[in-house]
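The block underneath contains the structure these notes are about, expressed in structure tokens.
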Amino acid sequence: MKILFVRLFDSYFDEAIKRAFKKLEIEYDERLFYTPADFNADDKLTSLVREEIKKSKRDFIFSVNYWPHIAKAAHEEGIKYVSWSYDCPLNIVGTPEMEHDTNEIFLFDRAQVKGYKKKGIATVHHFPLAADVGWWDTFRKKKKKEYEVSFIGNLYESTLPGLLSQMSEYDRGYINGLIESQQRLLGYYFLDEVVDEKIVTSINASYEKSKVAKGTILNREKLLYSMSTYLTYLDRISLLSLISGRADTYFVTGNISEPQKKILRNVKIMPPVSYDTKMPDIFKSSKINLCPILRIIGTGIPLRALDIMGCGGLLLANVQEELMEYFSPMEEFVPYDSYGDAVEKAVFFIKNDTQREKIAAKGHEKVRERFNFADRLKELIGMVHT
């Protein structure tokens with residue numbers, strides 16, 4: 001088997017995939033192009049990929065995340081295009097290229113797959129992510145925990161406050177009401193069910209009357225993403241603020257403003273770390289690894305959650321359908337259903353080393369057995385019909 005591994009950006013998956021290919025003794029050619037400015041179309045990029053396809057015979061093309069540019073080139077050359085995405089949602093709303101029968105698009109969020117299926121796109125499949133456990137295990141386990149609670153990630157800069165400012169009073173009240181309701185409900189993402197085209201049309205009508213927002217065109221997908229990133233921002237800043245009042249809390253990030261630092265005055269801010277080398281040290285050195293999941297991920301298990309458990313760290317994450325389905329709560333990870341619940345469980349497990357380490361060990365074993373990269377990639381390739 002020979003695969004053309006096309007890279008359009010530097011992803012967290014790249015090195016893990018290459019290590020898995022090597023372990024599986026799969027021959028591959030790696031080609032790095034540029035990240036397109038237009039995520040929907042770039043004729044030059046499509047032409048470059050098409051020329052690469054013509055150079056030699058491959059069984060199929062593979063990429064991290066789905067790209068219409070590659071899909072178009074593959075379809076024109078009659079070769080299968082396989083993509084495995086760790087982003088949710090995709091950076092595209094949907095293109096005609098998604099419907100090509102040469103596509104095999106694997107997404108980790110079951111809810112996202114259902115959404116595409118409802119639109120009649122049959123080329124998408126649900127497939128959970130993986131962790132490079134073998135690589136993480138080469139890093140020594142820390143004998144002494146340096147951090148009580150840590151979180152590696154970012155505070156999302158949502159566009160929602162700006163969007164709200166130019167809405168009618170009714171629309172603004174409606175959206176704020178949805179935000180307040182969804183914020184209290186962890187583990188069930190209902191915004192996708194209640195935000196419809198009617199509210200989007202009403203908001204766009206308000207923008208046309210506004211001197212500031214006139215000409216702004218909002219669609220349903222952009223509104224949902226804006227609302228979800230704002231909710232995630234509220235989740236993360238609230239959790240960090242509350243937990244830091246009860247435990248030493250470290251926030252590893254490259255994206256935080258001075259006003260946010262003031263809100264998180266009890267949180268120790270650390271600079272960003274490399275994914276492949278320094279991140280596992282943080283997970284292994286922390287008693288509690290916090291993971292508030294991006295709200296627009298309806299059901300799926302994000303990569304960060306698997307990485308934490310794959311490194312042998314204790315995962316403290318909000319309840320999430322697939323996380324509760326694939327892992328045993330309170331045996332392999334610790335779920336929380338409210339901010340207060342998260343704080344109390346963090347404090348409890350900081351003080352109870354034996355219970356904490358037992359859960360972390362079982363979570364690590366589950367990821368090693370069922371979510372390691374080589375086995376997951378082998379299964380994915382087995383599902384591809386070339």
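Residues in the structure tokens are named by chain (A, B, ... in the order shown) and by number from 1 within that chain; ligands are numbered from 1 in the order shown.
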
Counting only C-alpha atoms, which residues in stretch 259-346 of chain A sit no more than 12 Å from stretch 82-101 of chain A? For each one, give the nearest pair of atoms and the distance in Å, sorted by chain then residue number, as CSV.
```
residue,atom,partner,partner_atom,distance
A:Ile293,CA,A:Cys88,CA,11.0
A:Leu294,CA,A:Cys88,CA,8.6
A:Arg295,CA,A:Cys88,CA,9.9
A:Ile296,CA,A:Pro89,CA,7.3
A:Ile297,CA,A:Cys88,CA,6.1
A:Gly298,CA,A:Cys88,CA,9.2
A:Thr299,CA,A:Cys88,CA,10.8
A:Gly300,CA,A:Cys88,CA,9.1
A:Ile301,CA,A:Tyr86,CA,9.7
A:Pro302,CA,A:Tyr86,CA,7.4
A:Leu303,CA,A:Tyr86,CA,6.7
A:Arg304,CA,A:Tyr86,CA,9.9
A:Ala305,CA,A:Tyr86,CA,12.0
A:Leu306,CA,A:Tyr86,CA,11.6
```

Just list as a PDB file with N, CA and C atoms, in the first residue's frame whatever in stretch 240-281 of chain A DSSP marks as strand (DSSP E or B).
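Below is the file selection35.pdb, written as the result:
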```
ATOM      1  N   THR A 249      -3.560  26.915  40.637  1.00  0.00           N
ATOM      2  CA  THR A 249      -4.052  26.678  39.285  1.00  0.00           C
ATOM      3  C   THR A 249      -3.137  27.326  38.263  1.00  0.00           C
ATOM      4  N   TYR A 250      -2.792  26.565  37.225  1.00  0.00           N
ATOM      5  CA  TYR A 250      -1.878  27.023  36.190  1.00  0.00           C
ATOM      6  C   TYR A 250      -2.584  26.985  34.840  1.00  0.00           C
ATOM      7  N   PHE A 251      -2.411  28.076  34.106  1.00  0.00           N
ATOM      8  CA  PHE A 251      -3.051  28.215  32.811  1.00  0.00           C
ATOM      9  C   PHE A 251      -1.958  28.395  31.768  1.00  0.00           C
ATOM     10  N   VAL A 252      -1.774  27.391  30.905  1.00  0.00           N
ATOM     11  CA  VAL A 252      -0.751  27.416  29.870  1.00  0.00           C
ATOM     12  C   VAL A 252      -1.392  27.912  28.579  1.00  0.00           C
ATOM     13  N   LYS A 268      -1.917  31.236  37.862  1.00  0.00           N
ATOM     14  CA  LYS A 268      -0.532  31.411  37.401  1.00  0.00           C
ATOM     15  C   LYS A 268      -0.493  31.165  35.901  1.00  0.00           C
ATOM     16  N   ILE A 269      -0.159  32.200  35.147  1.00  0.00           N
ATOM     17  CA  ILE A 269      -0.141  32.127  33.691  1.00  0.00           C
ATOM     18  C   ILE A 269       1.228  31.648  33.220  1.00  0.00           C
ATOM     19  N   MET A 270       1.221  30.627  32.370  1.00  0.00           N
ATOM     20  CA  MET A 270       2.454  30.081  31.820  1.00  0.00           C
ATOM     21  C   MET A 270       2.446  30.224  30.299  1.00  0.00           C
TER      22      MET A 270
END
```

Which of A:Ala111, A:Asp137, A:Ala122, A:Gln166 sits closest to A:Gly215 [using only C-alpha atoms]: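 For A:Gly215, the nearest of the given residues is A:Gln166.
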
All residues 12 Å or closer to A:Pro271, only C-alpha atoms, same chain fewer than 5 positions away omitted, as a ChimeraX atom specification: /A:151-154,250-256,278-279,282

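Residues surrounding A:Ile308 within 9 Å are Ala131, Pro280, Phe283, Lys284, Asn289, Cys291, Leu303, Arg304, Ala305, Cys311, Gly312, Gly313, Leu314, Leu315 and His364 of chain A [only C-alpha atoms; sequence separation below 3 positions excluded].
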
Deliver the residues from the most recent selection as a file, using C-alpha atoms, as a PDB file, in the first residue's frame.
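What ended up in selection.pdb:
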```pdb
ATOM      1  CA  ALA A 131      -3.624   9.574  21.070  1.00  0.00           C
ATOM      2  CA  PRO A 280       3.177  15.668  28.155  1.00  0.00           C
ATOM      3  CA  PHE A 283      -0.009  16.540  31.988  1.00  0.00           C
ATOM      4  CA  LYS A 284       2.256  14.157  33.911  1.00  0.00           C
ATOM      5  CA  ASN A 289      -5.873  18.285  34.144  1.00  0.00           C
ATOM      6  CA  CYS A 291     -10.583  20.122  29.981  1.00  0.00           C
ATOM      7  CA  LEU A 303      -8.094  15.398  21.054  1.00  0.00           C
ATOM      8  CA  ARG A 304      -7.012  17.169  24.246  1.00  0.00           C
ATOM      9  CA  ALA A 305      -9.029  14.798  26.436  1.00  0.00           C
ATOM     10  CA  CYS A 311      -0.130  10.784  29.059  1.00  0.00           C
ATOM     11  CA  GLY A 312      -1.414   9.199  32.269  1.00  0.00           C
ATOM     12  CA  GLY A 313      -2.919  12.388  33.650  1.00  0.00           C
ATOM     13  CA  LEU A 314      -6.222  12.639  35.487  1.00  0.00           C
ATOM     14  CA  LEU A 315      -8.827  14.136  33.161  1.00  0.00           C
ATOM     15  CA  HIS A 364      -4.313   5.648  30.427  1.00  0.00           C
TER      16      HIS A 364
END
```

Members of stretch 84-130 of chain A assigned alpha helix (DSSP H) by DSSP, as a PyMOL selection string: chain A and resi 110-118

Take the residues from that selection and write them out as a JSON list (two decimals), in the first residue's frame, keeping N, CA, C and O atoms.
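And here is the file that came out, again-v3.json:
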```json
[["chain", "number", "residue", "atom", "x", "y", "z"],
["A", 110, "ARG", "N", -19.96, 12.77, 16.48],
["A", 110, "ARG", "CA", -21.13, 12.10, 15.90],
["A", 110, "ARG", "C", -22.23, 13.10, 15.54],
["A", 110, "ARG", "O", -22.92, 12.94, 14.53],
["A", 111, "ALA", "N", -22.40, 14.12, 16.37],
["A", 111, "ALA", "CA", -23.43, 15.12, 16.10],
["A", 111, "ALA", "C", -23.14, 15.87, 14.81],
["A", 111, "ALA", "O", -24.06, 16.18, 14.03],
["A", 112, "GLN", "N", -21.87, 16.17, 14.55],
["A", 112, "GLN", "CA", -21.50, 16.86, 13.32],
["A", 112, "GLN", "C", -21.78, 15.98, 12.11],
["A", 112, "GLN", "O", -22.29, 16.45, 11.08],
["A", 113, "VAL", "N", -21.49, 14.71, 12.22],
["A", 113, "VAL", "CA", -21.75, 13.77, 11.13],
["A", 113, "VAL", "C", -23.25, 13.72, 10.82],
["A", 113, "VAL", "O", -23.66, 13.75, 9.66],
["A", 114, "LYS", "N", -24.07, 13.66, 11.87],
["A", 114, "LYS", "CA", -25.52, 13.63, 11.68],
["A", 114, "LYS", "C", -26.00, 14.87, 10.94],
["A", 114, "LYS", "O", -26.90, 14.81, 10.11],
["A", 115, "GLY", "N", -25.39, 16.01, 11.26],
["A", 115, "GLY", "CA", -25.76, 17.25, 10.59],
["A", 115, "GLY", "C", -25.49, 17.20, 9.10],
["A", 115, "GLY", "O", -26.33, 17.63, 8.29],
["A", 116, "TYR", "N", -24.34, 16.66, 8.72],
["A", 116, "TYR", "CA", -24.02, 16.53, 7.30],
["A", 116, "TYR", "C", -24.91, 15.50, 6.62],
["A", 116, "TYR", "O", -25.32, 15.67, 5.47],
["A", 117, "LYS", "N", -25.21, 14.41, 7.33],
["A", 117, "LYS", "CA", -26.09, 13.38, 6.76],
["A", 117, "LYS", "C", -27.47, 13.94, 6.46],
["A", 117, "LYS", "O", -28.10, 13.60, 5.44],
["A", 118, "LYS", "N", -27.95, 14.82, 7.35],
["A", 118, "LYS", "CA", -29.26, 15.44, 7.14],
["A", 118, "LYS", "C", -29.27, 16.30, 5.88],
["A", 118, "LYS", "O", -30.31, 16.49, 5.25]]
```

Polymer residues at most 9 Å from A:Lys54, only C-alpha atoms, same-chain spacing of 4 or more positions, as a PyMOL selection string: chain A and resi 49-50+77

Atoms to include: C-alpha atoms. Write the selected residues as a CSV table (one decimal), in the first residue's frame.
```
chain,number,residue,atom,x,y,z
A,49,VAL,CA,-2.1,18.7,-5.8
A,50,ARG,CA,-3.4,17.3,-9.1
A,77,GLU,CA,-7.8,12.3,-11.2
```

Distance query A:Phe333 at most 12 Å, only C-alpha atoms, self and fewer than 6 positions along chain excluded, as a PyMOL selection string: chain A and resi 288-291+305-306+308-310+312-320+323-327+345-346+349+355-367

Write to file, as a short mmCIF file (atom, residue, chain, number, x, y, z; two decimals), in the first residue's frame, the residues of the selection just made, with N, CA, C and O atoms.
```
data_model
loop_
_atom_site.label_atom_id
_atom_site.label_comp_id
_atom_site.auth_asym_id
_atom_site.auth_seq_id
_atom_site.Cartn_x
_atom_site.Cartn_y
_atom_site.Cartn_z
N ILE A 288 -4.45 17.48 38.61
CA ILE A 288 -5.72 17.60 37.89
C ILE A 288 -5.47 18.28 36.55
O ILE A 288 -4.86 19.35 36.50
N ASN A 289 -5.95 17.66 35.47
CA ASN A 289 -5.87 18.29 34.14
C ASN A 289 -7.28 18.67 33.70
O ASN A 289 -8.12 17.82 33.42
N LEU A 290 -7.52 19.97 33.66
CA LEU A 290 -8.85 20.50 33.36
C LEU A 290 -9.06 20.52 31.84
O LEU A 290 -8.16 20.86 31.07
N CYS A 291 -10.28 20.15 31.41
CA CYS A 291 -10.58 20.12 29.98
C CYS A 291 -12.03 20.55 29.71
O CYS A 291 -12.91 19.70 29.47
N ALA A 305 -8.61 15.75 25.40
CA ALA A 305 -9.03 14.80 26.44
C ALA A 305 -8.28 13.48 26.30
O ALA A 305 -7.81 12.90 27.29
N LEU A 306 -8.12 12.98 25.07
CA LEU A 306 -7.40 11.74 24.84
C LEU A 306 -5.91 11.90 25.15
O LEU A 306 -5.28 10.99 25.68
N ILE A 308 -4.56 13.91 27.37
CA ILE A 308 -4.39 13.94 28.83
C ILE A 308 -4.36 12.52 29.39
O ILE A 308 -3.44 12.13 30.12
N MET A 309 -5.36 11.72 29.02
CA MET A 309 -5.41 10.34 29.52
C MET A 309 -4.27 9.51 28.92
O MET A 309 -3.71 8.64 29.60
N GLY A 310 -3.92 9.78 27.67
CA GLY A 310 -2.83 9.05 27.03
C GLY A 310 -1.49 9.30 27.68
O GLY A 310 -0.58 8.47 27.59
N GLY A 312 -1.29 9.69 30.91
CA GLY A 312 -1.41 9.20 32.27
C GLY A 312 -1.88 10.23 33.27
O GLY A 312 -1.77 10.04 34.48
N GLY A 313 -2.41 11.35 32.76
CA GLY A 313 -2.92 12.39 33.65
C GLY A 313 -4.38 12.16 34.01
O GLY A 313 -5.11 11.48 33.28
N LEU A 314 -4.81 12.72 35.12
CA LEU A 314 -6.22 12.64 35.49
C LEU A 314 -6.99 13.68 34.69
O LEU A 314 -6.68 14.88 34.76
N LEU A 315 -8.00 13.24 33.96
CA LEU A 315 -8.83 14.14 33.16
C LEU A 315 -10.05 14.57 33.96
O LEU A 315 -10.82 13.74 34.44
N LEU A 316 -10.23 15.89 34.09
CA LEU A 316 -11.43 16.48 34.67
C LEU A 316 -12.12 17.26 33.56
O LEU A 316 -11.65 18.32 33.15
N ALA A 317 -13.20 16.70 33.02
CA ALA A 317 -13.87 17.28 31.86
C ALA A 317 -15.37 17.34 32.08
O ALA A 317 -15.93 16.56 32.85
N ASN A 318 -16.03 18.27 31.39
CA ASN A 318 -17.48 18.34 31.50
C ASN A 318 -18.11 17.09 30.87
O ASN A 318 -17.53 16.46 29.99
N VAL A 319 -19.27 16.72 31.37
CA VAL A 319 -19.96 15.55 30.82
C VAL A 319 -20.15 15.75 29.32
O VAL A 319 -20.49 16.83 28.86
N GLN A 320 -19.91 14.68 28.57
CA GLN A 320 -19.97 14.71 27.12
C GLN A 320 -20.38 13.33 26.64
O GLN A 320 -19.83 12.32 27.09
N LEU A 323 -17.74 10.78 25.48
CA LEU A 323 -16.78 10.56 26.55
C LEU A 323 -17.37 9.62 27.60
O LEU A 323 -16.71 8.70 28.09
N MET A 324 -18.66 9.83 27.90
CA MET A 324 -19.35 8.97 28.87
C MET A 324 -19.62 7.58 28.28
O MET A 324 -19.77 6.60 29.00
N GLU A 325 -19.68 7.50 26.96
CA GLU A 325 -19.97 6.24 26.27
C GLU A 325 -18.73 5.35 26.16
O GLU A 325 -18.80 4.15 26.40
N TYR A 326 -17.59 5.95 25.81
CA TYR A 326 -16.38 5.18 25.57
C TYR A 326 -15.54 4.96 26.84
O TYR A 326 -14.70 4.05 26.88
N PHE A 327 -15.73 5.82 27.84
CA PHE A 327 -14.95 5.73 29.07
C PHE A 327 -15.89 5.63 30.28
O PHE A 327 -17.00 6.18 30.25
N LYS A 345 -14.81 18.47 42.92
CA LYS A 345 -14.10 17.25 42.52
C LYS A 345 -12.61 17.51 42.39
O LYS A 345 -11.78 16.65 42.74
N ALA A 346 -12.24 18.69 41.91
CA ALA A 346 -10.82 19.03 41.83
C ALA A 346 -10.20 19.04 43.22
O ALA A 346 -9.13 18.43 43.44
N PHE A 349 -9.88 15.34 44.67
CA PHE A 349 -8.85 14.47 44.10
C PHE A 349 -7.44 15.02 44.29
O PHE A 349 -6.47 14.27 44.21
N GLN A 355 -6.78 7.40 45.05
CA GLN A 355 -7.94 7.34 44.17
C GLN A 355 -7.66 8.04 42.84
O GLN A 355 -8.06 7.57 41.78
N ARG A 356 -6.99 9.18 42.94
CA ARG A 356 -6.67 9.95 41.73
C ARG A 356 -5.78 9.14 40.80
O ARG A 356 -6.03 9.03 39.60
N GLU A 357 -4.73 8.56 41.35
CA GLU A 357 -3.77 7.82 40.53
C GLU A 357 -4.39 6.54 39.95
O GLU A 357 -4.04 6.13 38.84
N LYS A 358 -5.32 5.95 40.67
CA LYS A 358 -6.00 4.75 40.17
C LYS A 358 -6.85 5.09 38.95
O LYS A 358 -6.84 4.36 37.95
N ILE A 359 -7.59 6.18 39.02
CA ILE A 359 -8.42 6.61 37.89
C ILE A 359 -7.56 6.98 36.69
O ILE A 359 -7.83 6.59 35.56
N ALA A 360 -6.49 7.73 36.96
CA ALA A 360 -5.59 8.15 35.88
C ALA A 360 -4.97 6.93 35.20
O ALA A 360 -4.85 6.89 33.96
N ALA A 361 -4.58 5.93 35.97
CA ALA A 361 -3.96 4.72 35.41
C ALA A 361 -4.95 3.95 34.53
O ALA A 361 -4.59 3.45 33.47
N LYS A 362 -6.20 3.87 34.98
CA LYS A 362 -7.21 3.15 34.19
C LYS A 362 -7.54 3.92 32.91
O LYS A 362 -7.78 3.30 31.86
N GLY A 363 -7.59 5.24 32.99
CA GLY A 363 -7.82 6.04 31.78
C GLY A 363 -6.70 5.86 30.79
O GLY A 363 -6.94 5.72 29.58
N HIS A 364 -5.48 5.85 31.29
CA HIS A 364 -4.31 5.65 30.43
C HIS A 364 -4.37 4.28 29.75
O HIS A 364 -4.09 4.15 28.55
N GLU A 365 -4.73 3.26 30.49
CA GLU A 365 -4.80 1.91 29.94
C GLU A 365 -5.88 1.81 28.86
O GLU A 365 -5.66 1.17 27.82
N LYS A 366 -7.02 2.45 29.07
CA LYS A 366 -8.09 2.42 28.06
C LYS A 366 -7.63 3.08 26.76
O LYS A 366 -7.87 2.56 25.67
N VAL A 367 -6.98 4.23 26.88
CA VAL A 367 -6.49 4.92 25.68
C VAL A 367 -5.42 4.09 24.99
O VAL A 367 -5.39 3.97 23.76
#
```

Selected residue, from A:Pro259, A:Glu157, A:Lys23, A:Ile243, that lies nearest to A:Phe348 when counting only C-alpha atoms: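 Closest residue, counting only C-alpha atoms: A:Ile243.
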
Spatial neighbours of A:Lys378, 9 Å, only C-alpha atoms, chain gap at least 6 places, as a PyMOL selection string: chain A and resi 20-21+24

Which residue of A:Asp132, A:Asp196, A:Glu208, A:Asp341 approaches A:Asn372 most closely, using only C-alpha atoms: A:Asp132

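Going from atom CA of A:Leu164 to atom CA of A:Tyr230 covers 11.6 Å.
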
Nearest residue to A:Asn65 from the set A:Thr46, A:Lys261, A:Glu25, A:Tyr12 (distances using only C-alpha atoms):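 Counting only C-alpha atoms, the residue closest to A:Asn65 is A:Tyr12.
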
d(atom CA of A:Tyr336, atom CA of A:Ile263) in Å: 22.7 Å

Length of the atom CA of A:Ile79 to atom CA of A:Ile121 vector [Å]: 18.9 Å

Among listed residues A:Arg368, A:Lys80, A:Lys209, A:Lys2, nearest A:Thr123 (using only C-alpha atoms):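 Nearest candidate to A:Thr123 out of A:Arg368, A:Lys80, A:Lys209, A:Lys2: A:Lys80.
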